[in-house]
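Novice: Data: my_file-v4.pdb, PDB, C-alpha atoms.
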MODEL        1
ATOM      1  CA  MET A   1     -52.008  19.945  -9.578  1.00  0.00           C
ATOM      2  CA  ALA A   2     -49.948  18.406 -12.374  1.00  0.00           C
ATOM      3  CA  ASN A   3     -49.470  14.665 -12.565  1.00  0.00           C
ATOM      4  CA  THR A   4     -45.828  14.197 -11.573  1.00  0.00           C
ATOM      5  CA  LEU A   5     -45.744  10.658 -12.959  1.00  0.00           C
ATOM      6  CA  ILE A   6     -45.878  12.062 -16.500  1.00  0.00           C
ATOM      7  CA  PRO A   7     -42.597  13.525 -17.799  1.00  0.00           C
ATOM      8  CA  ALA A   8     -42.608  17.329 -18.015  1.00  0.00           C
ATOM      9  CA  ASP A   9     -42.337  17.433 -21.802  1.00  0.00           C
ATOM     10  CA  GLU A  10     -45.439  15.214 -22.196  1.00  0.00           C
ATOM     11  CA  ARG A  11     -47.821  17.197 -20.002  1.00  0.00           C
ATOM     12  CA  ASP A  12     -48.945  19.695 -22.653  1.00  0.00           C
ATOM     13  CA  LEU A  13     -49.408  17.463 -25.708  1.00  0.00           C
ATOM     14  CA  THR A  14     -52.220  17.841 -28.202  1.00  0.00           C
ATOM     15  CA  PRO A  15     -54.416  14.808 -28.928  1.00  0.00           C
ATOM     16  CA  GLU A  16     -52.589  14.196 -32.230  1.00  0.00           C
ATOM     17  CA  GLU A  17     -49.240  14.246 -30.444  1.00  0.00           C
ATOM     18  CA  VAL A  18     -50.538  11.788 -27.847  1.00  0.00           C
ATOM     19  CA  VAL A  19     -51.623   9.426 -30.624  1.00  0.00           C
ATOM     20  CA  ALA A  20     -48.182   9.699 -32.246  1.00  0.00           C
ATOM     21  CA  LEU A  21     -46.490   9.088 -28.884  1.00  0.00           C
ATOM     22  CA  ASP A  22     -48.617   5.998 -28.238  1.00  0.00           C
ATOM     23  CA  ARG A  23     -47.886   4.718 -31.748  1.00  0.00           C
ATOM     24  CA  ARG A  24     -44.140   5.169 -31.187  1.00  0.00           C
ATOM     25  CA  ARG A  25     -44.268   3.336 -27.859  1.00  0.00           C
ATOM     26  CA  ARG A  26     -46.329   0.484 -29.344  1.00  0.00           C
ATOM     27  CA  ARG A  27     -43.764   0.115 -32.131  1.00  0.00           C
ATOM     28  CA  GLY A  28     -41.041   0.028 -29.477  1.00  0.00           C
ATOM     29  CA  GLN A  29     -42.910  -2.727 -27.637  1.00  0.00           C
ATOM     30  CA  LEU A  30     -43.173  -4.660 -30.917  1.00  0.00           C
ATOM     31  CA  PHE A  31     -39.415  -4.388 -31.449  1.00  0.00           C
ATOM     32  CA  LEU A  32     -38.760  -5.609 -27.896  1.00  0.00           C
ATOM     33  CA  VAL A  33     -40.976  -8.624 -28.534  1.00  0.00           C
ATOM     34  CA  LEU A  34     -39.063  -9.328 -31.763  1.00  0.00           C
ATOM     35  CA  CYS A  35     -35.808  -9.006 -29.809  1.00  0.00           C
ATOM     36  CA  PHE A  36     -36.860 -11.653 -27.289  1.00  0.00           C
ATOM     37  CA  GLN A  37     -38.156 -13.953 -30.017  1.00  0.00           C
ATOM     38  CA  CYS A  38     -34.838 -13.710 -31.876  1.00  0.00           C
ATOM     39  CA  LEU A  39     -33.027 -14.463 -28.619  1.00  0.00           C
ATOM     40  CA  ILE A  40     -35.126 -17.571 -27.996  1.00  0.00           C
ATOM     41  CA  VAL A  41     -34.739 -18.909 -31.535  1.00  0.00           C
ATOM     42  CA  GLY A  42     -31.037 -17.980 -31.551  1.00  0.00           C
ATOM     43  CA  THR A  43     -30.521 -19.915 -28.334  1.00  0.00           C
ATOM     44  CA  LEU A  44     -32.157 -22.978 -29.862  1.00  0.00           C
ATOM     45  CA  VAL A  45     -30.167 -22.619 -33.095  1.00  0.00           C
ATOM     46  CA  THR A  46     -26.982 -22.517 -30.993  1.00  0.00           C
ATOM     47  CA  LEU A  47     -27.438 -26.255 -30.410  1.00  0.00           C
ATOM     48  CA  TRP A  48     -27.147 -26.940 -34.137  1.00  0.00           C
ATOM     49  CA  ALA A  49     -24.537 -24.241 -34.707  1.00  0.00           C
ATOM     50  CA  GLY A  50     -22.069 -25.991 -32.416  1.00  0.00           C
ATOM     51  CA  GLN A  51     -22.518 -29.246 -34.278  1.00  0.00           C
ATOM     52  CA  ASP A  52     -22.279 -27.387 -37.592  1.00  0.00           C
ATOM     53  CA  LEU A  53     -18.991 -25.745 -36.595  1.00  0.00           C
ATOM     54  CA  ALA A  54     -17.561 -29.066 -35.431  1.00  0.00           C
ATOM     55  CA  TYR A  55     -18.473 -31.246 -38.412  1.00  0.00           C
ATOM     56  CA  SER A  56     -18.920 -29.035 -41.507  1.00  0.00           C
ATOM     57  CA  PRO A  57     -15.868 -28.652 -43.730  1.00  0.00           C
ATOM     58  CA  GLY A  58     -14.316 -25.327 -44.722  1.00  0.00           C
ATOM     59  CA  PHE A  59     -16.509 -22.245 -44.574  1.00  0.00           C
ATOM     60  CA  ALA A  60     -19.793 -24.128 -45.053  1.00  0.00           C
ATOM     61  CA  HIS A  61     -21.396 -23.365 -41.695  1.00  0.00           C
ATOM     62  CA  PRO A  62     -24.962 -22.249 -42.482  1.00  0.00           C
ATOM     63  CA  MET A  63     -26.332 -22.789 -38.968  1.00  0.00           C
ATOM     64  CA  ALA A  64     -23.512 -20.752 -37.440  1.00  0.00           C
ATOM     65  CA  TYR A  65     -24.273 -17.950 -39.889  1.00  0.00           C
ATOM     66  CA  TRP A  66     -27.985 -18.095 -39.035  1.00  0.00           C
ATOM     67  CA  ASP A  67     -27.079 -18.003 -35.350  1.00  0.00           C
ATOM     68  CA  ALA A  68     -24.921 -14.915 -35.824  1.00  0.00           C
ATOM     69  CA  ILE A  69     -27.671 -13.237 -37.854  1.00  0.00           C
ATOM     70  CA  LEU A  70     -30.294 -13.987 -35.178  1.00  0.00           C
ATOM     71  CA  PHE A  71     -28.208 -12.592 -32.332  1.00  0.00           C
ATOM     72  CA  THR A  72     -27.350  -9.516 -34.412  1.00  0.00           C
ATOM     73  CA  LEU A  73     -31.054  -8.946 -35.150  1.00  0.00           C
ATOM     74  CA  ALA A  74     -31.876  -9.414 -31.463  1.00  0.00           C
ATOM     75  CA  ALA A  75     -29.352  -6.715 -30.531  1.00  0.00           C
ATOM     76  CA  ILE A  76     -30.662  -4.329 -33.195  1.00  0.00           C
ATOM     77  CA  PHE A  77     -34.319  -4.889 -32.266  1.00  0.00           C
ATOM     78  CA  GLY A  78     -33.468  -4.488 -28.575  1.00  0.00           C
ATOM     79  CA  VAL A  79     -31.679  -1.155 -29.009  1.00  0.00           C
ATOM     80  CA  VAL A  80     -34.328   0.267 -31.341  1.00  0.00           C
ATOM     81  CA  GLY A  81     -37.146  -1.012 -29.102  1.00  0.00           C
ATOM     82  CA  VAL A  82     -35.717   0.591 -25.981  1.00  0.00           C
ATOM     83  CA  ARG A  83     -35.170   3.881 -27.835  1.00  0.00           C
ATOM     84  CA  LEU A  84     -38.760   3.926 -29.137  1.00  0.00           C
ATOM     85  CA  ARG A  85     -40.264   2.989 -25.768  1.00  0.00           C
ATOM     86  CA  ARG A  86     -38.364   5.695 -23.876  1.00  0.00           C
ATOM     87  CA  GLY A  87     -40.366   7.770 -21.466  1.00  0.00           C
ATOM     88  CA  SER A  88     -42.959   5.094 -20.852  1.00  0.00           C
ATOM     89  CA  ASN A  89     -43.777   4.855 -17.163  1.00  0.00           C
ATOM     90  CA  GLU A  90     -46.593   2.330 -17.333  1.00  0.00           C
ATOM     91  CA  PHE A  91     -46.924  -1.352 -18.072  1.00  0.00           C
ATOM     92  CA  ILE A  92     -48.652  -1.870 -21.404  1.00  0.00           C
ATOM     93  CA  SER A  93     -50.109  -5.319 -21.970  1.00  0.00           C
ATOM     94  CA  TYR A  94     -51.355  -5.588 -25.528  1.00  0.00           C
TER      95      TYR A  94
ENDMDL
END
Step by step, read the file and then write its structure as structure tokens.
Specialist:
Amino acid sequence: MANTLIPADERDLTPEEVVALDRRRRRGQLFLVLCFQCLIVGTLVTLWAGQDLAYSPGFAHPMAYWDAILFTLAAIFGVVGVRLRRGSNEFISY
């Protein structure tokens, strides 16, 4: 009897294809970790970005720019990570 927990398109993979699938899912997990790290650092930088926006003259707001870059990277890493991890039905802790 076939394992119904495995998606139908992954039931007949060769060993090389399984290795490639695992590599893709591990890369997706890496991108999700980078997403959460960017979110944490971006949240901390938000404290300085508010002060930077309030007190820096003109367009000289480096902390606000860093904050925007971090949240943009978090969104990109999150989307790419979820796309690469698709189809995973197990918890991988490595």
Novice: Run the PyMOL selection byres ((chain A and resi 32-40) around 6) against the file shown and list the residues it catches, as a list of chain:residue names.
Specialist: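 Selected by the PyMOL selection byres ((chain A and resi 32-40) around 6) here: A:Gln29, A:Leu30, A:Phe31, A:Val41, A:Gly42, A:Thr43, A:Leu70, A:Ala74, A:Phe77, A:Gly78, A:Gly81.
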Novice: Can you tell me how far atom CA of A:Trp66 sits from atom CA of A:Arg24, in Å to one decimal?
Specialist: 29.4 Å
Novice: Would you compute the distance between atom CA of A:Leu47 and atom CA of A:Ala75? Give it in Å to one decimal.
Specialist: 19.6 Å
Novice: What is the atom CA of A:Leu84-atom CA of A:Arg25 distance in Å, reported with one decimal?
Specialist: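 A separation of 5.7 Å between them.
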Novice: Calculated over all atoms listed in the file, which of the candidates A:Leu13, A:Ile69, A:Ala8, A:Ala64 has the smallest distance to A:Ala49?
Specialist: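 Under the stated criterion, the closest residue is A:Ala64.
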Novice: Can you tell me, as JSON, the centre and edge lengths (Å, one decimal) of the axis-aligned box enclosing all of stretch 53-56 of chain A's listed atoms after padding each side by 4 Å?
Specialist:
{"center_x": -18.3, "center_y": -28.5, "center_z": -38.5, "size_x": 9.4, "size_y": 13.5, "size_z": 14.1}
